[in-house]
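Participant: My structure is below; once you've seen it, I'll send some questions.
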Amino acid sequence: MCSFCNLYYHVHLSENIFQKQKEQPKVPCQMEMEVDRISNLPGHIIDKVLSLLTLRDAVRTCILSSKWRYKWVNLTTLVFDNQSVLVSSQDPTIIKNKLVKIVDHVLLLHNGPIHKFKLSHRDLQGVCDIDRWILFLSRGSVKEFILEIWKGQRYKLPSSLYMCEKLSHLELFNCLLKPPLAFNGFKILTSLDLQHITMDQDVFEDMIYKCPLLERLTLMNFEGFAHLKIHAPKLTFFDIGGVFEDVNFEKTLLLSTVSIGLYVNIGNDHELILGTTSKLIKFFASLPSIQRLEIQSFFLKFLASDMVPRRLPSACMDLSYLSLRINFNDMDECLAALCILRSSPCLLELELLARPDEQPAVKVPAQNLQEEDYKSCFFTQLRFVKIAGVFGVPRELNFINFLLSNSPMLERMSVKPASQDVGWELLKELLRFRRASVYAEIIYLDP
């Protein structure tokens, strides 16, 4: 029995028991004339019920009654995932044949438009049958297309995908993108999610440029291009993690949420060329509307690899949330962090995550920041601070002390050490620090 049938059965079973206690037994002719509630549900209710079920359960509703037999064929959303396609065998050939058979069967019987198509099964590989399905979809009005290839090599997308002119959301995992020369872009695409993909440098730049309405862009673990040229006037959300040499925003005046991680230590990679101008200034110059910023992995080190100004030319007036992955033992990174903090007068929430692979297991002598480095930096709006992965070295403690003594509105600061070995000493230092806010609460978290 499907989930809908089970729910319907239990609800109406309790109703019938209650009614039978009050009503007189019905004669046979009256029972025959009783309305079939399931078969006579309003159309919009049936559509809502089907939309809440997995595709597998939606298809199984055909056994409810003759009127339900072909209701599912009008679904506008088709999701083929682990819940919709159950395969008990471990044989790759059997899995592939069953999956292909199910998708073919559904598409053959389907009637009407398909607005969303998702193919994501843990045993899915890049088979040629996917080409047929994409060609079928390209002849319709598909708006959301999600393809996740979890096994095997990169799946080369067919040219028919680039003919889906009505796409508003495109999500690809483990794919190779080589659009035809005649590709004019996805003119109404607003969301693009590319993970574990391969594409050439010019293809990447051209695709972003030819999506004029793009609002959300996610890039994770990509190959084939290293220079991130983002020309997207409508972009508001940008999430990236991978190996790249530079990032250049063009006309991204609306970009408000950014999470960026560089998965390579530039100190050990001599191929990354350092410039003569400030990377910090260049990066923030294209983000006048930034509200939430996460700088992950080694990207702060990248920004601090050349001239670090004391303050950015233009303050980040809208920045309310900032997360920094930082090596406190790197003077340049600390100065870069201070530069960003000085330029964020409206900051409400701050997160500092120490990189554990670069932190020493024991305290070692290190050049501390001077008193003038901490001057002219007050956080009149800062409410919450989260610090994690610290070892209690002098520069970390000085940074924590600096935040406590310059945040008059601070409500809570949580500190989580990297290991239990330094916990007690760190706790004693935290209790010793003065606080500018009488309401500030320091919370120590066990590692």
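Following the order of the structure tokens, chains are lettered A, B, ..., residues in each are numbered from 1, and ligands are numbered from 1.
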Near A:Ser437, counting only C-alpha atoms, which residues have an atom at most 10 Å away, once you skip same-chain residues fewer than 5 positions from it, shown as JSON, numbers by chain?
Facilitator: {"A": [383, 404, 405, 406, 407, 408, 409, 410, 411, 412]}
Participant: How would the residues just picked look written out with N, CA, C and O atoms as a PDB file, in the first residue's frame?
Facilitator:
ATOM      1  N   ARG A 383      27.486  41.529  17.433  1.00  0.00           N
ATOM      2  CA  ARG A 383      26.718  40.866  18.485  1.00  0.00           C
ATOM      3  C   ARG A 383      27.238  39.465  18.812  1.00  0.00           C
ATOM      4  O   ARG A 383      27.244  39.069  19.973  1.00  0.00           O
ATOM      5  N   LEU A 404      37.108  41.354  22.199  1.00  0.00           N
ATOM      6  CA  LEU A 404      36.344  41.575  23.424  1.00  0.00           C
ATOM      7  C   LEU A 404      36.412  43.025  23.891  1.00  0.00           C
ATOM      8  O   LEU A 404      35.421  43.585  24.379  1.00  0.00           O
ATOM      9  N   SER A 405      37.564  43.634  23.753  1.00  0.00           N
ATOM     10  CA  SER A 405      37.757  44.993  24.263  1.00  0.00           C
ATOM     11  C   SER A 405      37.256  46.068  23.307  1.00  0.00           C
ATOM     12  O   SER A 405      37.226  47.249  23.667  1.00  0.00           O
ATOM     13  N   ASN A 406      36.844  45.692  22.079  1.00  0.00           N
ATOM     14  CA  ASN A 406      36.397  46.686  21.105  1.00  0.00           C
ATOM     15  C   ASN A 406      34.989  46.417  20.577  1.00  0.00           C
ATOM     16  O   ASN A 406      34.615  46.938  19.531  1.00  0.00           O
ATOM     17  N   SER A 407      34.235  45.616  21.317  1.00  0.00           N
ATOM     18  CA  SER A 407      32.870  45.277  20.885  1.00  0.00           C
ATOM     19  C   SER A 407      31.885  45.596  22.003  1.00  0.00           C
ATOM     20  O   SER A 407      31.502  44.719  22.783  1.00  0.00           O
ATOM     21  N   PRO A 408      31.450  46.840  22.099  1.00  0.00           N
ATOM     22  CA  PRO A 408      30.588  47.241  23.220  1.00  0.00           C
ATOM     23  C   PRO A 408      29.183  46.628  23.180  1.00  0.00           C
ATOM     24  O   PRO A 408      28.501  46.628  24.200  1.00  0.00           O
ATOM     25  N   MET A 409      28.763  46.108  22.050  1.00  0.00           N
ATOM     26  CA  MET A 409      27.426  45.527  21.936  1.00  0.00           C
ATOM     27  C   MET A 409      27.461  44.007  21.877  1.00  0.00           C
ATOM     28  O   MET A 409      26.422  43.372  21.638  1.00  0.00           O
ATOM     29  N   LEU A 410      28.606  43.419  22.126  1.00  0.00           N
ATOM     30  CA  LEU A 410      28.751  41.974  22.019  1.00  0.00           C
ATOM     31  C   LEU A 410      27.844  41.253  23.020  1.00  0.00           C
ATOM     32  O   LEU A 410      27.781  41.603  24.191  1.00  0.00           O
ATOM     33  N   GLU A 411      27.152  40.208  22.530  1.00  0.00           N
ATOM     34  CA  GLU A 411      26.273  39.418  23.381  1.00  0.00           C
ATOM     35  C   GLU A 411      26.848  38.039  23.698  1.00  0.00           C
ATOM     36  O   GLU A 411      26.702  37.553  24.816  1.00  0.00           O
ATOM     37  N   ARG A 412      27.486  37.431  22.715  1.00  0.00           N
ATOM     38  CA  ARG A 412      28.000  36.083  22.951  1.00  0.00           C
ATOM     39  C   ARG A 412      29.239  35.818  22.104  1.00  0.00           C
ATOM     40  O   ARG A 412      29.276  36.144  20.929  1.00  0.00           O
TER      41      ARG A 412
END
Participant: Run DSSP on the backbone and tell me which residues of stretch 52-160 of chain A come out as helix (DSSP H, G or I); list them as a ChimeraX atom specification.
Facilitator: /A:55-63,66-68,71-74,92-109,129-138,159-160
Participant: Which residue gives the smallest distance to A:Ser323 among A:Asp81, A:Glu349, A:Asp306, A:Asp246, with only C-alpha atoms counted?
Facilitator: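 The closest residue to A:Ser323 is A:Glu349.
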Participant: Could you find all residues in stretch 91-250 of chain A that DSSP calls strand (DSSP E or B) from the backbone, and write them as a PDB file with N, CA, C and O atoms, in the first residue's frame?
Facilitator:
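The new file states19.pdb reads:
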ATOM      1  N   LYS A 116      10.145  19.899 -14.521  1.00  0.00           N
ATOM      2  CA  LYS A 116      11.359  19.550 -13.768  1.00  0.00           C
ATOM      3  C   LYS A 116      11.700  18.085 -14.006  1.00  0.00           C
ATOM      4  O   LYS A 116      10.856  17.207 -13.866  1.00  0.00           O
ATOM      5  N   PHE A 117      12.981  17.846 -14.346  1.00  0.00           N
ATOM      6  CA  PHE A 117      13.461  16.487 -14.569  1.00  0.00           C
ATOM      7  C   PHE A 117      14.757  16.309 -13.788  1.00  0.00           C
ATOM      8  O   PHE A 117      15.720  17.038 -14.001  1.00  0.00           O
ATOM      9  N   LYS A 118      14.749  15.328 -12.879  1.00  0.00           N
ATOM     10  CA  LYS A 118      15.944  15.063 -12.076  1.00  0.00           C
ATOM     11  C   LYS A 118      16.321  13.592 -12.205  1.00  0.00           C
ATOM     12  O   LYS A 118      15.500  12.704 -11.985  1.00  0.00           O
ATOM     13  N   LEU A 119      17.584  13.353 -12.544  1.00  0.00           N
ATOM     14  CA  LEU A 119      18.118  12.001 -12.650  1.00  0.00           C
ATOM     15  C   LEU A 119      19.337  11.918 -11.754  1.00  0.00           C
ATOM     16  O   LEU A 119      20.400  12.481 -12.052  1.00  0.00           O
ATOM     17  N   SER A 120      19.176  11.236 -10.610  1.00  0.00           N
ATOM     18  CA  SER A 120      20.252  11.163  -9.622  1.00  0.00           C
ATOM     19  C   SER A 120      20.111   9.870  -8.830  1.00  0.00           C
ATOM     20  O   SER A 120      19.395   9.811  -7.841  1.00  0.00           O
ATOM     21  N   HIS A 121      20.787   8.838  -9.279  1.00  0.00           N
ATOM     22  CA  HIS A 121      20.751   7.540  -8.612  1.00  0.00           C
ATOM     23  C   HIS A 121      22.178   7.141  -8.262  1.00  0.00           C
ATOM     24  O   HIS A 121      23.111   7.342  -9.044  1.00  0.00           O
ATOM     25  N   ARG A 122      22.372   6.577  -7.086  1.00  0.00           N
ATOM     26  CA  ARG A 122      23.725   6.276  -6.608  1.00  0.00           C
ATOM     27  C   ARG A 122      24.477   5.304  -7.523  1.00  0.00           C
ATOM     28  O   ARG A 122      25.710   5.256  -7.518  1.00  0.00           O
ATOM     29  N   ASP A 123      23.735   4.511  -8.298  1.00  0.00           N
ATOM     30  CA  ASP A 123      24.365   3.551  -9.201  1.00  0.00           C
ATOM     31  C   ASP A 123      24.340   4.017 -10.652  1.00  0.00           C
ATOM     32  O   ASP A 123      24.640   3.237 -11.569  1.00  0.00           O
ATOM     33  N   LEU A 124      23.991   5.275 -10.866  1.00  0.00           N
ATOM     34  CA  LEU A 124      23.881   5.793 -12.228  1.00  0.00           C
ATOM     35  C   LEU A 124      25.254   6.080 -12.822  1.00  0.00           C
ATOM     36  O   LEU A 124      26.101   6.716 -12.198  1.00  0.00           O
ATOM     37  N   GLN A 125      25.467   5.621 -14.054  1.00  0.00           N
ATOM     38  CA  GLN A 125      26.657   5.927 -14.819  1.00  0.00           C
ATOM     39  C   GLN A 125      26.237   6.621 -16.109  1.00  0.00           C
ATOM     40  O   GLN A 125      25.073   6.606 -16.496  1.00  0.00           O
ATOM     41  N   GLU A 144      13.590  23.002 -15.247  1.00  0.00           N
ATOM     42  CA  GLU A 144      14.643  22.603 -14.307  1.00  0.00           C
ATOM     43  C   GLU A 144      15.193  21.249 -14.730  1.00  0.00           C
ATOM     44  O   GLU A 144      14.431  20.293 -14.893  1.00  0.00           O
ATOM     45  N   PHE A 145      16.513  21.193 -14.886  1.00  0.00           N
ATOM     46  CA  PHE A 145      17.153  19.940 -15.280  1.00  0.00           C
ATOM     47  C   PHE A 145      18.302  19.656 -14.325  1.00  0.00           C
ATOM     48  O   PHE A 145      19.209  20.483 -14.155  1.00  0.00           O
ATOM     49  N   ILE A 146      18.258  18.484 -13.679  1.00  0.00           N
ATOM     50  CA  ILE A 146      19.277  18.083 -12.711  1.00  0.00           C
ATOM     51  C   ILE A 146      19.808  16.713 -13.107  1.00  0.00           C
ATOM     52  O   ILE A 146      19.037  15.754 -13.204  1.00  0.00           O
ATOM     53  N   LEU A 147      21.102  16.637 -13.333  1.00  0.00           N
ATOM     54  CA  LEU A 147      21.732  15.375 -13.715  1.00  0.00           C
ATOM     55  C   LEU A 147      22.964  15.151 -12.847  1.00  0.00           C
ATOM     56  O   LEU A 147      23.898  15.955 -12.858  1.00  0.00           O
ATOM     57  N   GLU A 148      22.952  14.061 -12.083  1.00  0.00           N
ATOM     58  CA  GLU A 148      24.064  13.728 -11.192  1.00  0.00           C
ATOM     59  C   GLU A 148      24.559  12.317 -11.516  1.00  0.00           C
ATOM     60  O   GLU A 148      23.862  11.329 -11.262  1.00  0.00           O
ATOM     61  N   ILE A 149      25.742  12.249 -12.082  1.00  0.00           N
ATOM     62  CA  ILE A 149      26.369  10.974 -12.435  1.00  0.00           C
ATOM     63  C   ILE A 149      27.316  10.600 -11.302  1.00  0.00           C
ATOM     64  O   ILE A 149      28.380  11.199 -11.144  1.00  0.00           O
ATOM     65  N   TRP A 150      26.933   9.596 -10.509  1.00  0.00           N
ATOM     66  CA  TRP A 150      27.686   9.302  -9.291  1.00  0.00           C
ATOM     67  C   TRP A 150      28.835   8.316  -9.519  1.00  0.00           C
ATOM     68  O   TRP A 150      29.718   8.187  -8.673  1.00  0.00           O
ATOM     69  N   LYS A 151      28.842   7.636 -10.653  1.00  0.00           N
ATOM     70  CA  LYS A 151      29.889   6.641 -10.901  1.00  0.00           C
ATOM     71  C   LYS A 151      30.476   6.821 -12.292  1.00  0.00           C
ATOM     72  O   LYS A 151      29.810   7.337 -13.198  1.00  0.00           O
ATOM     73  N   TYR A 155      30.557  12.429 -17.854  1.00  0.00           N
ATOM     74  CA  TYR A 155      29.579  12.179 -18.913  1.00  0.00           C
ATOM     75  C   TYR A 155      29.517  13.400 -19.827  1.00  0.00           C
ATOM     76  O   TYR A 155      29.219  14.513 -19.376  1.00  0.00           O
ATOM     77  N   LYS A 156      29.794  13.202 -21.110  1.00  0.00           N
ATOM     78  CA  LYS A 156      29.755  14.306 -22.066  1.00  0.00           C
ATOM     79  C   LYS A 156      28.310  14.608 -22.436  1.00  0.00           C
ATOM     80  O   LYS A 156      27.597  13.762 -22.978  1.00  0.00           O
ATOM     81  N   HIS A 169      16.773  26.570 -14.247  1.00  0.00           N
ATOM     82  CA  HIS A 169      17.699  25.970 -13.274  1.00  0.00           C
ATOM     83  C   HIS A 169      18.413  24.787 -13.915  1.00  0.00           C
ATOM     84  O   HIS A 169      17.769  23.887 -14.454  1.00  0.00           O
ATOM     85  N   LEU A 170      19.743  24.791 -13.846  1.00  0.00           N
ATOM     86  CA  LEU A 170      20.556  23.713 -14.410  1.00  0.00           C
ATOM     87  C   LEU A 170      21.554  23.258 -13.358  1.00  0.00           C
ATOM     88  O   LEU A 170      22.307  24.067 -12.812  1.00  0.00           O
ATOM     89  N   GLU A 171      21.549  21.958 -13.069  1.00  0.00           N
ATOM     90  CA  GLU A 171      22.416  21.396 -12.041  1.00  0.00           C
ATOM     91  C   GLU A 171      23.090  20.144 -12.605  1.00  0.00           C
ATOM     92  O   GLU A 171      22.411  19.195 -12.993  1.00  0.00           O
ATOM     93  N   LEU A 172      24.435  20.154 -12.624  1.00  0.00           N
ATOM     94  CA  LEU A 172      25.190  19.061 -13.232  1.00  0.00           C
ATOM     95  C   LEU A 172      26.279  18.583 -12.282  1.00  0.00           C
ATOM     96  O   LEU A 172      26.947  19.392 -11.625  1.00  0.00           O
ATOM     97  N   PHE A 173      26.466  17.254 -12.246  1.00  0.00           N
ATOM     98  CA  PHE A 173      27.486  16.646 -11.392  1.00  0.00           C
ATOM     99  C   PHE A 173      28.217  15.585 -12.215  1.00  0.00           C
ATOM    100  O   PHE A 173      27.605  14.689 -12.769  1.00  0.00           O
ATOM    101  N   CYS A 175      30.126  15.913 -15.086  1.00  0.00           N
ATOM    102  CA  CYS A 175      29.806  16.041 -16.511  1.00  0.00           C
ATOM    103  C   CYS A 175      30.905  16.804 -17.250  1.00  0.00           C
ATOM    104  O   CYS A 175      31.665  17.569 -16.656  1.00  0.00           O
ATOM    105  N   LEU A 176      30.952  16.589 -18.553  1.00  0.00           N
ATOM    106  CA  LEU A 176      31.863  17.291 -19.456  1.00  0.00           C
ATOM    107  C   LEU A 176      31.030  18.192 -20.357  1.00  0.00           C
ATOM    108  O   LEU A 176      30.122  17.720 -21.044  1.00  0.00           O
ATOM    109  N   SER A 191      19.594  30.022 -12.258  1.00  0.00           N
ATOM    110  CA  SER A 191      20.376  29.261 -11.286  1.00  0.00           C
ATOM    111  C   SER A 191      21.225  28.219 -12.007  1.00  0.00           C
ATOM    112  O   SER A 191      20.695  27.415 -12.780  1.00  0.00           O
ATOM    113  N   LEU A 192      22.534  28.217 -11.723  1.00  0.00           N
ATOM    114  CA  LEU A 192      23.475  27.292 -12.349  1.00  0.00           C
ATOM    115  C   LEU A 192      24.348  26.668 -11.272  1.00  0.00           C
ATOM    116  O   LEU A 192      25.013  27.367 -10.508  1.00  0.00           O
ATOM    117  N   ASP A 193      24.327  25.330 -11.183  1.00  0.00           N
ATOM    118  CA  ASP A 193      25.085  24.584 -10.181  1.00  0.00           C
ATOM    119  C   ASP A 193      25.939  23.551 -10.895  1.00  0.00           C
ATOM    120  O   ASP A 193      25.419  22.585 -11.455  1.00  0.00           O
ATOM    121  N   LEU A 194      27.264  23.747 -10.889  1.00  0.00           N
ATOM    122  CA  LEU A 194      28.195  22.864 -11.579  1.00  0.00           C
ATOM    123  C   LEU A 194      29.190  22.296 -10.573  1.00  0.00           C
ATOM    124  O   LEU A 194      29.944  23.050  -9.949  1.00  0.00           O
ATOM    125  N   GLN A 195      29.198  20.972 -10.415  1.00  0.00           N
ATOM    126  CA  GLN A 195      30.097  20.322  -9.468  1.00  0.00           C
ATOM    127  C   GLN A 195      30.776  19.135 -10.129  1.00  0.00           C
ATOM    128  O   GLN A 195      30.134  18.353 -10.837  1.00  0.00           O
ATOM    129  N   THR A 198      34.050  19.395 -16.073  1.00  0.00           N
ATOM    130  CA  THR A 198      35.197  19.767 -16.894  1.00  0.00           C
ATOM    131  C   THR A 198      34.708  20.606 -18.060  1.00  0.00           C
ATOM    132  O   THR A 198      33.757  20.226 -18.753  1.00  0.00           O
ATOM    133  N   ARG A 216      22.061  32.912  -9.340  1.00  0.00           N
ATOM    134  CA  ARG A 216      22.770  32.025  -8.410  1.00  0.00           C
ATOM    135  C   ARG A 216      23.769  31.167  -9.197  1.00  0.00           C
ATOM    136  O   ARG A 216      23.401  30.542 -10.194  1.00  0.00           O
ATOM    137  N   LEU A 217      25.015  31.137  -8.708  1.00  0.00           N
ATOM    138  CA  LEU A 217      26.067  30.368  -9.377  1.00  0.00           C
ATOM    139  C   LEU A 217      26.862  29.589  -8.338  1.00  0.00           C
ATOM    140  O   LEU A 217      27.368  30.157  -7.373  1.00  0.00           O
ATOM    141  N   THR A 218      26.941  28.262  -8.546  1.00  0.00           N
ATOM    142  CA  THR A 218      27.716  27.387  -7.671  1.00  0.00           C
ATOM    143  C   THR A 218      28.727  26.624  -8.512  1.00  0.00           C
ATOM    144  O   THR A 218      28.365  25.998  -9.511  1.00  0.00           O
ATOM    145  N   LEU A 219      30.003  26.680  -8.103  1.00  0.00           N
ATOM    146  CA  LEU A 219      31.082  25.970  -8.788  1.00  0.00           C
ATOM    147  C   LEU A 219      31.887  25.203  -7.753  1.00  0.00           C
ATOM    148  O   LEU A 219      32.414  25.794  -6.814  1.00  0.00           O
ATOM    149  N   MET A 220      32.000  23.893  -7.932  1.00  0.00           N
ATOM    150  CA  MET A 220      32.744  23.076  -6.986  1.00  0.00           C
ATOM    151  C   MET A 220      33.578  22.031  -7.734  1.00  0.00           C
ATOM    152  O   MET A 220      33.057  21.311  -8.579  1.00  0.00           O
ATOM    153  N   GLU A 223      37.495  21.439 -13.465  1.00  0.00           N
ATOM    154  CA  GLU A 223      38.737  21.245 -14.210  1.00  0.00           C
ATOM    155  C   GLU A 223      38.616  21.904 -15.580  1.00  0.00           C
ATOM    156  O   GLU A 223      37.519  22.033 -16.122  1.00  0.00           O
ATOM    157  N   HIS A 227      40.977  30.672 -14.446  1.00  0.00           N
ATOM    158  CA  HIS A 227      40.707  32.106 -14.293  1.00  0.00           C
ATOM    159  C   HIS A 227      39.197  32.307 -14.252  1.00  0.00           C
ATOM    160  O   HIS A 227      38.498  32.048 -15.230  1.00  0.00           O
ATOM    161  N   LEU A 228      38.725  32.784 -13.130  1.00  0.00           N
ATOM    162  CA  LEU A 228      37.283  32.932 -12.923  1.00  0.00           C
ATOM    163  C   LEU A 228      36.854  34.351 -13.285  1.00  0.00           C
ATOM    164  O   LEU A 228      36.976  35.277 -12.487  1.00  0.00           O
ATOM    165  N   LYS A 229      36.378  34.483 -14.504  1.00  0.00           N
ATOM    166  CA  LYS A 229      35.856  35.762 -14.957  1.00  0.00           C
ATOM    167  C   LYS A 229      34.341  35.684 -14.910  1.00  0.00           C
ATOM    168  O   LYS A 229      33.721  34.985 -15.709  1.00  0.00           O
ATOM    169  N   ILE A 230      33.756  36.387 -13.957  1.00  0.00           N
ATOM    170  CA  ILE A 230      32.324  36.310 -13.708  1.00  0.00           C
ATOM    171  C   ILE A 230      31.652  37.592 -14.175  1.00  0.00           C
ATOM    172  O   ILE A 230      31.738  38.632 -13.522  1.00  0.00           O
ATOM    173  N   HIS A 231      31.020  37.526 -15.327  1.00  0.00           N
ATOM    174  CA  HIS A 231      30.268  38.669 -15.856  1.00  0.00           C
ATOM    175  C   HIS A 231      28.787  38.333 -15.727  1.00  0.00           C
ATOM    176  O   HIS A 231      28.214  37.623 -16.553  1.00  0.00           O
ATOM    177  N   PHE A 237      24.069  35.484  -5.663  1.00  0.00           N
ATOM    178  CA  PHE A 237      24.622  34.403  -4.839  1.00  0.00           C
ATOM    179  C   PHE A 237      25.735  33.711  -5.609  1.00  0.00           C
ATOM    180  O   PHE A 237      25.555  33.319  -6.760  1.00  0.00           O
ATOM    181  N   PHE A 238      26.904  33.548  -4.948  1.00  0.00           N
ATOM    182  CA  PHE A 238      28.057  32.913  -5.582  1.00  0.00           C
ATOM    183  C   PHE A 238      28.763  32.021  -4.569  1.00  0.00           C
ATOM    184  O   PHE A 238      29.198  32.483  -3.529  1.00  0.00           O
ATOM    185  N   ASP A 239      28.832  30.722  -4.889  1.00  0.00           N
ATOM    186  CA  ASP A 239      29.463  29.737  -4.008  1.00  0.00           C
ATOM    187  C   ASP A 239      30.488  28.960  -4.816  1.00  0.00           C
ATOM    188  O   ASP A 239      30.128  28.303  -5.803  1.00  0.00           O
ATOM    189  N   ILE A 240      31.762  29.018  -4.430  1.00  0.00           N
ATOM    190  CA  ILE A 240      32.808  28.372  -5.203  1.00  0.00           C
ATOM    191  C   ILE A 240      33.818  27.706  -4.286  1.00  0.00           C
ATOM    192  O   ILE A 240      34.167  28.229  -3.228  1.00  0.00           O
ATOM    193  N   GLY A 241      34.292  26.535  -4.710  1.00  0.00           N
ATOM    194  CA  GLY A 241      35.359  25.840  -4.008  1.00  0.00           C
ATOM    195  C   GLY A 241      36.153  25.032  -5.014  1.00  0.00           C
ATOM    196  O   GLY A 241      35.596  24.180  -5.708  1.00  0.00           O
ATOM    197  N   GLY A 242      37.445  25.309  -5.111  1.00  0.00           N
ATOM    198  CA  GLY A 242      38.258  24.595  -6.084  1.00  0.00           C
ATOM    199  C   GLY A 242      39.643  25.203  -6.185  1.00  0.00           C
ATOM    200  O   GLY A 242      40.061  26.015  -5.360  1.00  0.00           O
ATOM    201  N   ASP A 246      42.827  33.050 -10.181  1.00  0.00           N
ATOM    202  CA  ASP A 246      42.342  34.409  -9.961  1.00  0.00           C
ATOM    203  C   ASP A 246      40.828  34.428 -10.102  1.00  0.00           C
ATOM    204  O   ASP A 246      40.229  33.541 -10.718  1.00  0.00           O
ATOM    205  N   VAL A 247      40.219  35.428  -9.510  1.00  0.00           N
ATOM    206  CA  VAL A 247      38.774  35.621  -9.656  1.00  0.00           C
ATOM    207  C   VAL A 247      38.533  37.093  -9.960  1.00  0.00           C
ATOM    208  O   VAL A 247      39.101  37.983  -9.326  1.00  0.00           O
ATOM    209  N   ASN A 248      37.717  37.310 -10.974  1.00  0.00           N
ATOM    210  CA  ASN A 248      37.477  38.676 -11.441  1.00  0.00           C
ATOM    211  C   ASN A 248      35.981  38.867 -11.665  1.00  0.00           C
ATOM    212  O   ASN A 248      35.386  38.237 -12.541  1.00  0.00           O
ATOM    213  N   PHE A 249      35.378  39.725 -10.850  1.00  0.00           N
ATOM    214  CA  PHE A 249      33.958  40.019 -10.987  1.00  0.00           C
ATOM    215  C   PHE A 249      33.774  41.215 -11.908  1.00  0.00           C
ATOM    216  O   PHE A 249      34.477  42.213 -11.792  1.00  0.00           O
ATOM    217  N   GLU A 250      32.801  41.106 -12.817  1.00  0.00           N
ATOM    218  CA  GLU A 250      32.475  42.206 -13.717  1.00  0.00           C
ATOM    219  C   GLU A 250      30.984  42.492 -13.652  1.00  0.00           C
ATOM    220  O   GLU A 250      30.160  41.609 -13.872  1.00  0.00           O
TER     221      GLU A 250
END
Participant: By how many Å are atom CA of A:Ala226 and atom CA of A:Leu312 apart?
Facilitator: 26.2 Å
Participant: Compare A:Val103, A:Leu254, A:Ser305, A:Gly112 by their minimum atom-to-atom distance to A:Pro288, counting only C-alpha atoms, and give me the closest one.
Facilitator: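 Using only C-alpha atoms, the shortest distance to A:Pro288 belongs to A:Leu254.
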Participant: Skipping near chain neighbours, those fewer than 6 positions away, what residues fall within 6 Å of stretch 413-423 of chain A using only C-alpha atoms, listed as a list in words?
Facilitator: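 After dropping sequence-adjacent residues, the list is Phe384, Val385, Lys386, Ile387, Ala388, Gly389, Val390, Phe391, Ile442, Ile443, Tyr444, Leu445 and Pro447 of chain A.
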Participant: Write the residues you've just listed into a file as an mmCIF file, in the first residue's frame, and include N, CA, C and O atoms for each of them.
Facilitator:
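Below you can see again-v3.cif, which holds the result:
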data_model
loop_
_atom_site.group_PDB
_atom_site.id
_atom_site.type_symbol
_atom_site.label_atom_id
_atom_site.label_comp_id
_atom_site.auth_asym_id
_atom_site.auth_seq_id
_atom_site.Cartn_x
_atom_site.Cartn_y
_atom_site.Cartn_z
ATOM 1 N N PHE A 384 27.645 38.726 17.792
ATOM 2 C CA PHE A 384 28.007 37.324 17.995
ATOM 3 C C PHE A 384 29.354 37.011 17.341
ATOM 4 O O PHE A 384 29.606 37.402 16.201
ATOM 5 N N VAL A 385 30.179 36.279 18.091
ATOM 6 C CA VAL A 385 31.495 35.866 17.591
ATOM 7 C C VAL A 385 31.675 34.375 17.852
ATOM 8 O O VAL A 385 31.395 33.897 18.962
ATOM 9 N N LYS A 386 32.138 33.664 16.856
ATOM 10 C CA LYS A 386 32.434 32.250 16.981
ATOM 11 C C LYS A 386 33.882 32.011 16.561
ATOM 12 O O LYS A 386 34.284 32.372 15.465
ATOM 13 N N ILE A 387 34.660 31.388 17.457
ATOM 14 C CA ILE A 387 36.068 31.102 17.184
ATOM 15 C C ILE A 387 36.304 29.613 17.416
ATOM 16 O O ILE A 387 35.923 29.075 18.460
ATOM 17 N N ALA A 388 36.931 28.939 16.452
ATOM 18 C CA ALA A 388 37.115 27.491 16.555
ATOM 19 C C ALA A 388 38.480 27.090 16.014
ATOM 20 O O ALA A 388 39.042 27.734 15.132
ATOM 21 N N GLY A 389 39.021 26.016 16.593
ATOM 22 C CA GLY A 389 40.276 25.441 16.117
ATOM 23 C C GLY A 389 41.534 26.122 16.612
ATOM 24 O O GLY A 389 42.617 25.905 16.046
ATOM 25 N N VAL A 390 41.433 26.908 17.680
ATOM 26 C CA VAL A 390 42.606 27.650 18.157
ATOM 27 C C VAL A 390 43.419 26.790 19.131
ATOM 28 O O VAL A 390 42.914 25.851 19.745
ATOM 29 N N PHE A 391 44.720 27.168 19.265
ATOM 30 C CA PHE A 391 45.640 26.447 20.143
ATOM 31 C C PHE A 391 46.051 27.258 21.363
ATOM 32 O O PHE A 391 46.792 26.775 22.210
ATOM 33 N N ILE A 442 30.911 34.616 27.432
ATOM 34 C CA ILE A 442 31.931 33.788 26.792
ATOM 35 C C ILE A 442 31.580 32.332 27.034
ATOM 36 O O ILE A 442 31.450 31.893 28.191
ATOM 37 N N ILE A 443 31.442 31.578 25.965
ATOM 38 C CA ILE A 443 31.077 30.169 26.041
ATOM 39 C C ILE A 443 32.244 29.316 25.571
ATOM 40 O O ILE A 443 32.710 29.460 24.435
ATOM 41 N N TYR A 444 32.704 28.452 26.455
ATOM 42 C CA TYR A 444 33.792 27.542 26.092
ATOM 43 C C TYR A 444 33.185 26.223 25.633
ATOM 44 O O TYR A 444 32.363 25.601 26.319
ATOM 45 N N LEU A 445 33.592 25.775 24.450
ATOM 46 C CA LEU A 445 33.092 24.530 23.865
ATOM 47 C C LEU A 445 34.190 23.492 23.850
ATOM 48 O O LEU A 445 35.304 23.764 23.415
ATOM 49 N N PRO A 447 36.441 20.525 22.546
ATOM 50 C CA PRO A 447 36.809 20.138 21.181
ATOM 51 C C PRO A 447 36.208 18.791 20.791
ATOM 52 O O PRO A 447 35.847 17.986 21.632
#
Participant: Please identify all polymer residues within 10 Å of A:Val100, counting only C-alpha atoms, omitting same-chain residues fewer than 3 positions from it, and present them as a list in words.
Facilitator: Ile94, Ile95, Lys96, Asn97, Val103, Asp104, His105, Leu124, Val127, Asp129, Ile130 and Trp133 of chain A
